[in-house]
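Worksheet: the structure to be examined is printed underneath.
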Amino acid sequence: MLKLIWLIPLLPAAGVVLNGIFGRRLSLKAVGTIACGTVLVAFALSVGAVLELAELPEGLRQFETDVATWLPLGQLGMGSDLTIPWGFGLDPLSSVLLLVVTGVGFLIHVYSVGYMEHDRDYARFFIYLNLFMAMMLMLVLGNNLLVLFVGWEGVGLCSYLLIGFFYDKPFDERTGLSCADAGRKAFIVNRIGDFAFLIGMLYLVMEFGTLRFSELNTALAASGGTPGWLLTGIGLLLFFGACGKSAQIPLYVWLPDAMAGPTPVSALIHAATMVTAGVYMVCRMSALYSATPEAMAIVAAVGTATALLAATMGITATDIKKVLAYSTVSQLGFMFAAAGVGAYIAAIFHLMTHAFFKALLFLGAGSVIHGLHGQQDIREMGGLRAKMPRTFITFFVAMLAIAGIPGLAGFFSKDEILAGAWNSGHKVVWALLSVAALVTAFYMTRLLWLVFFGKYRGDDETWSKAHESPALMTVPLMILGLLSIVGGWVGIPAVMSGWVGAGDINKMHHWLAPAITAPGVHGEDAAHGGGHAAEVAHDGAHGAVVVHDAGMETMLILIATVVAVLGISLAWLLYKKEGAAAAWARRFGPLHNLLRNLYWVDEFYELVLLRPFYWLSRTFTAIDRWVVDGLVNATAVTAEISGQVIKLFQTGLVRNYALMFLFGVFVILYYVIRTV
């Protein structure tokens with residue numbers, strides 16, 4: 001199976017071709033079968049490849065294959081030939097993403113069959129969805145940074161197409177955008193980050209002469225002669241690209257507006273796969289970031305700030321999908337904060353568990369919207385657990401998972417991040433992330449209560465028609481619900497393993513450690529993707545050398561649990577009593593207004609960036625029209641006038657030419673006589 005990994009991205013691409021050519025002539029069932037079938041086969045092939053990878057010795061779990069030579073660029077002044085292959089690779093790190101993308105992606109495809117069955121552009125939707133899968137798999141499996149960048153740009157294009165899928169949908173006064181505008185906003189903001197990413201790649205090529213990940217690890221391990229400022233600059237350029245793709249400060253503003261797209265798109269692109277590409281890239285380049293403490297500090301600071309800022313935005317949001325959007329931005333901040341403190345494995349672990357419960361939350365929201373015939377305002381909901389029991393139960397499980405209730409997937413990975421911050425000495429990061437975790441538990445409980453508990457606050461007609469979604473939509477919810485419960489048990493902390501006398505059963509760390517270069521790991525170990533990082537992860541479970549303290553680990557777990565329970569309890573008490581939340585909102589009017597208006601970040605960008613840009617654009621347009629074009633047009637007018645004058649003398653009559661000749665002779669004679 002390993003030798004066939006190049007086939008995995010081609011399978012959904014085949015679905016694009018088949019539905020692109022025949023989709024309009026096929027039945028809806030056939031279109032859905034092709035789209036889902038290609039992803040299912042890709043998932044099966046991925047499982048086979050990962051199982052074969054697991055059979056290899058622990059230190060040798062890495063496979064690469066070059067399909068073709070892509071860019072034979074020659075020496076380029078670097079002393080050795082630079083050839084960039086069209087190559088694919090699989091190692092423990094990419095295997096986690098591979099299974100998440102294909103597995104969760106397949107469930108979302110199945111869900112989409114039911115959700116989109118009444119849309120007139122059914123085939124076009126699945127063409128875009130399959131194309132996205134092909135690009136995302138190329139991003140994950142690329143064995144060099146340029147192939148990854150092709151997938152990176154491809155998912156950006158697909159995001160634009162899918163967010164703007166309802167391109168003819170009218171302007172939405174609540175968001176100030178149409179679907180087409182939201183798609184353009186996502187595309188443009190991502191291009192800003194991608195420009196920095198591209199520059200960072202160019203610097204890597206100039207300094208190390210390669211973009212292949214395995215060769216970069218070796219080169220970075222022996223980069224003693226490379227200036228530290230250059231490595232830091234490259235790391236920050238790549239990270240700025242990740243900020244665009246993974247919606248971090250200051251480029252997070254596109255993701256909440258991206259909720260204008262169909263709900264399955266929000267689940268697939270903006271929860272489980274595309275937005276995590278930046279986290280994957282940073283962890284893939286762990287050798288670079290581990291060599292640049294300054295860049296890691298900035299990654300940690302930006303991730304922590306984003307986690308806390310976005311969490312507060314979710315407190316007052318009233319659109320069911322917008323609440324989940326701010327939650328996604330916040331959880332991505334947790335992942336970047338983990339990478340910034342050196343807990344790369346914890347970041348990938350949370351990436352995996354987040355894919356389970358956040359995809360479930362989005363699909364559950366889609367089930368609610370489907371059952372309420374398009375209603376998305378949670379102020380117009382309530383009491384829906386009676387109408388939608390399966391959706392309620394699965395949504396409840398996902399809420400508990402993201403809140404961090406012990407035993408569920410989110411608890412293990414979030415605790416891993418908090419412990420990583422504490423053990424690496426980043427106490428401020430730990431404290432701020434703990435606050436963000438409390439706020440997360442609060443606004444997710446608020447969302448659950450307003451949607452499923454209390455009295456229904458909408459109109460009677462909508463309530464009478466409210467219904468549970470069909471099995472095509474609820475079965476994927478149940479599977480994701482199961483994964484949200486058991487998905488975290490592959491990363492049980494060492495101290496919890498000791499409670500049951502099971503020894504160290506943290507499979508996630510043992511699996512990922514050889515593919516990660518931890519901070520402080522250098523030389524031959526770093527060249528092999530981490531080397532004794534396996535021992536580091538075993539000791540500290542976070543990618544940094546720490547002294548194992550069972551008492552402290554237990555205390556951190558208890559604090560994380562208290563934080564989750566406190567957030568849930570506060571929201572439950574506040575919203576259970578009718579009118580209490582509104583009273584608190586009036587009491588803290590300015591603060592509530594600040595959160596309700598999302599800190600006026602979009603307005604700030606409009607004032608500071610967009611308006612000056614528009615002014616400059618109009619100014620340069622005027623200069624181009626009246627100065628540049630004016631000079632060109634003046635030249636043309638001058639030539640035309642002079643031609644009109646000259647043609648008066650070009651009559652074609654010989655006697656006129658002789659007369660002019662005679663006149664010239666007289667002028668010359670007159671000049672000679674006057675000067676003598």
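Ordering of the structure tokens sets the chain letters (A, B, ...); residue numbers start at 1 within each chain; ligands are numbered from 1 in the order shown.
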Excluding same-chain residues fewer than 5 positions from stretch 289-306 of chain A, what lies within 8 Å of it counting only C-alpha atoms, as JSON, numbers by chain?
{"A": [220, 228, 231, 232, 233, 235, 236, 239, 248, 249, 282, 329, 330, 332, 333, 334, 335, 336, 337, 338, 339, 340, 341, 342, 429, 432, 433, 517, 518, 519, 520, 521]}
Name all residues at most 8 Å from stretch 470-484 of chain A (count only C-alpha atoms; drop same-chain ones fewer than 2 positions away) and give them as an MDAnalysis selection string.
chainID A and resid 107:108 110:115 353 356:357 359:360 363:364 367 390:391 394:395 397:398 401 408:410 468 486:488
Would you save the residues from that selection as a JSON list (two decimals), in the first residue's frame, using C-alpha atoms?
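Produced file again.json, reproduced below:
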```
[["chain", "number", "residue", "atom", "x", "y", "z"],
["A", 107, "LEU", "CA", -18.41, 11.08, 6.81],
["A", 108, "ILE", "CA", -18.99, 14.68, 5.73],
["A", 110, "VAL", "CA", -22.13, 11.09, 3.24],
["A", 111, "TYR", "CA", -23.82, 13.77, 5.35],
["A", 112, "SER", "CA", -23.75, 16.13, 2.34],
["A", 113, "VAL", "CA", -25.73, 13.67, 0.24],
["A", 114, "GLY", "CA", -28.70, 14.23, 2.52],
["A", 115, "TYR", "CA", -28.08, 17.89, 3.28],
["A", 353, "THR", "CA", -9.54, 15.29, 18.48],
["A", 356, "PHE", "CA", -13.88, 14.79, 15.59],
["A", 357, "PHE", "CA", -15.87, 17.02, 17.92],
["A", 359, "ALA", "CA", -16.97, 18.37, 12.68],
["A", 360, "LEU", "CA", -19.71, 16.87, 14.85],
["A", 363, "LEU", "CA", -22.84, 18.86, 11.28],
["A", 364, "GLY", "CA", -25.11, 18.98, 14.31],
["A", 367, "SER", "CA", -28.97, 19.22, 11.25],
["A", 390, "ARG", "CA", -30.36, 12.14, 17.95],
["A", 391, "THR", "CA", -28.97, 15.53, 16.99],
["A", 394, "THR", "CA", -24.53, 13.85, 19.64],
["A", 395, "PHE", "CA", -24.29, 17.64, 19.94],
["A", 397, "VAL", "CA", -21.38, 14.80, 23.53],
["A", 398, "ALA", "CA", -19.41, 17.16, 21.29],
["A", 401, "ALA", "CA", -15.70, 17.05, 24.54],
["A", 408, "LEU", "CA", -13.84, 12.59, 26.36],
["A", 409, "ALA", "CA", -11.45, 13.32, 23.49],
["A", 410, "GLY", "CA", -11.07, 17.05, 24.07],
["A", 468, "GLU", "CA", -35.11, 15.23, 12.98],
["A", 486, "VAL", "CA", -12.95, 7.40, 22.53],
["A", 487, "GLY", "CA", -10.68, 9.38, 20.19],
["A", 488, "GLY", "CA", -8.58, 10.78, 23.02]]
```
For the contact check between stretch 237-353 of chain A and stretch 132-138 of chain A, emit one row per residue of stretch 237-353 of chain A within 9 Å, containing the shortest atom pair and the distance in Å rounded to one decimal, counting only C-alpha atoms, chain then rising number order, as CSV.
```
residue,atom,partner,partner_atom,distance
A:Ile269,CA,A:Phe132,CA,8.4
A:Thr273,CA,A:Met136,CA,7.5
A:Met274,CA,A:Met136,CA,7.0
A:Ala277,CA,A:Met136,CA,8.5
```
For the selection just defined, write its residues with N, CA and C atoms to a file, as a short mmCIF file (atom, residue, chain, number, x, y, z; two decimals), in the first residue's frame.
```cif
data_model
loop_
_atom_site.label_atom_id
_atom_site.label_comp_id
_atom_site.auth_asym_id
_atom_site.auth_seq_id
_atom_site.Cartn_x
_atom_site.Cartn_y
_atom_site.Cartn_z
N ILE A 269 -14.00 22.06 5.71
CA ILE A 269 -12.90 22.98 5.44
C ILE A 269 -12.52 23.78 6.68
N THR A 273 -10.17 20.11 8.45
CA THR A 273 -9.03 19.90 7.55
C THR A 273 -8.28 21.18 7.20
N MET A 274 -8.82 22.02 6.30
CA MET A 274 -8.02 23.10 5.74
C MET A 274 -7.42 24.03 6.77
N ALA A 277 -4.18 23.15 8.37
CA ALA A 277 -2.99 23.00 7.53
C ALA A 277 -1.82 23.80 8.08
#
```
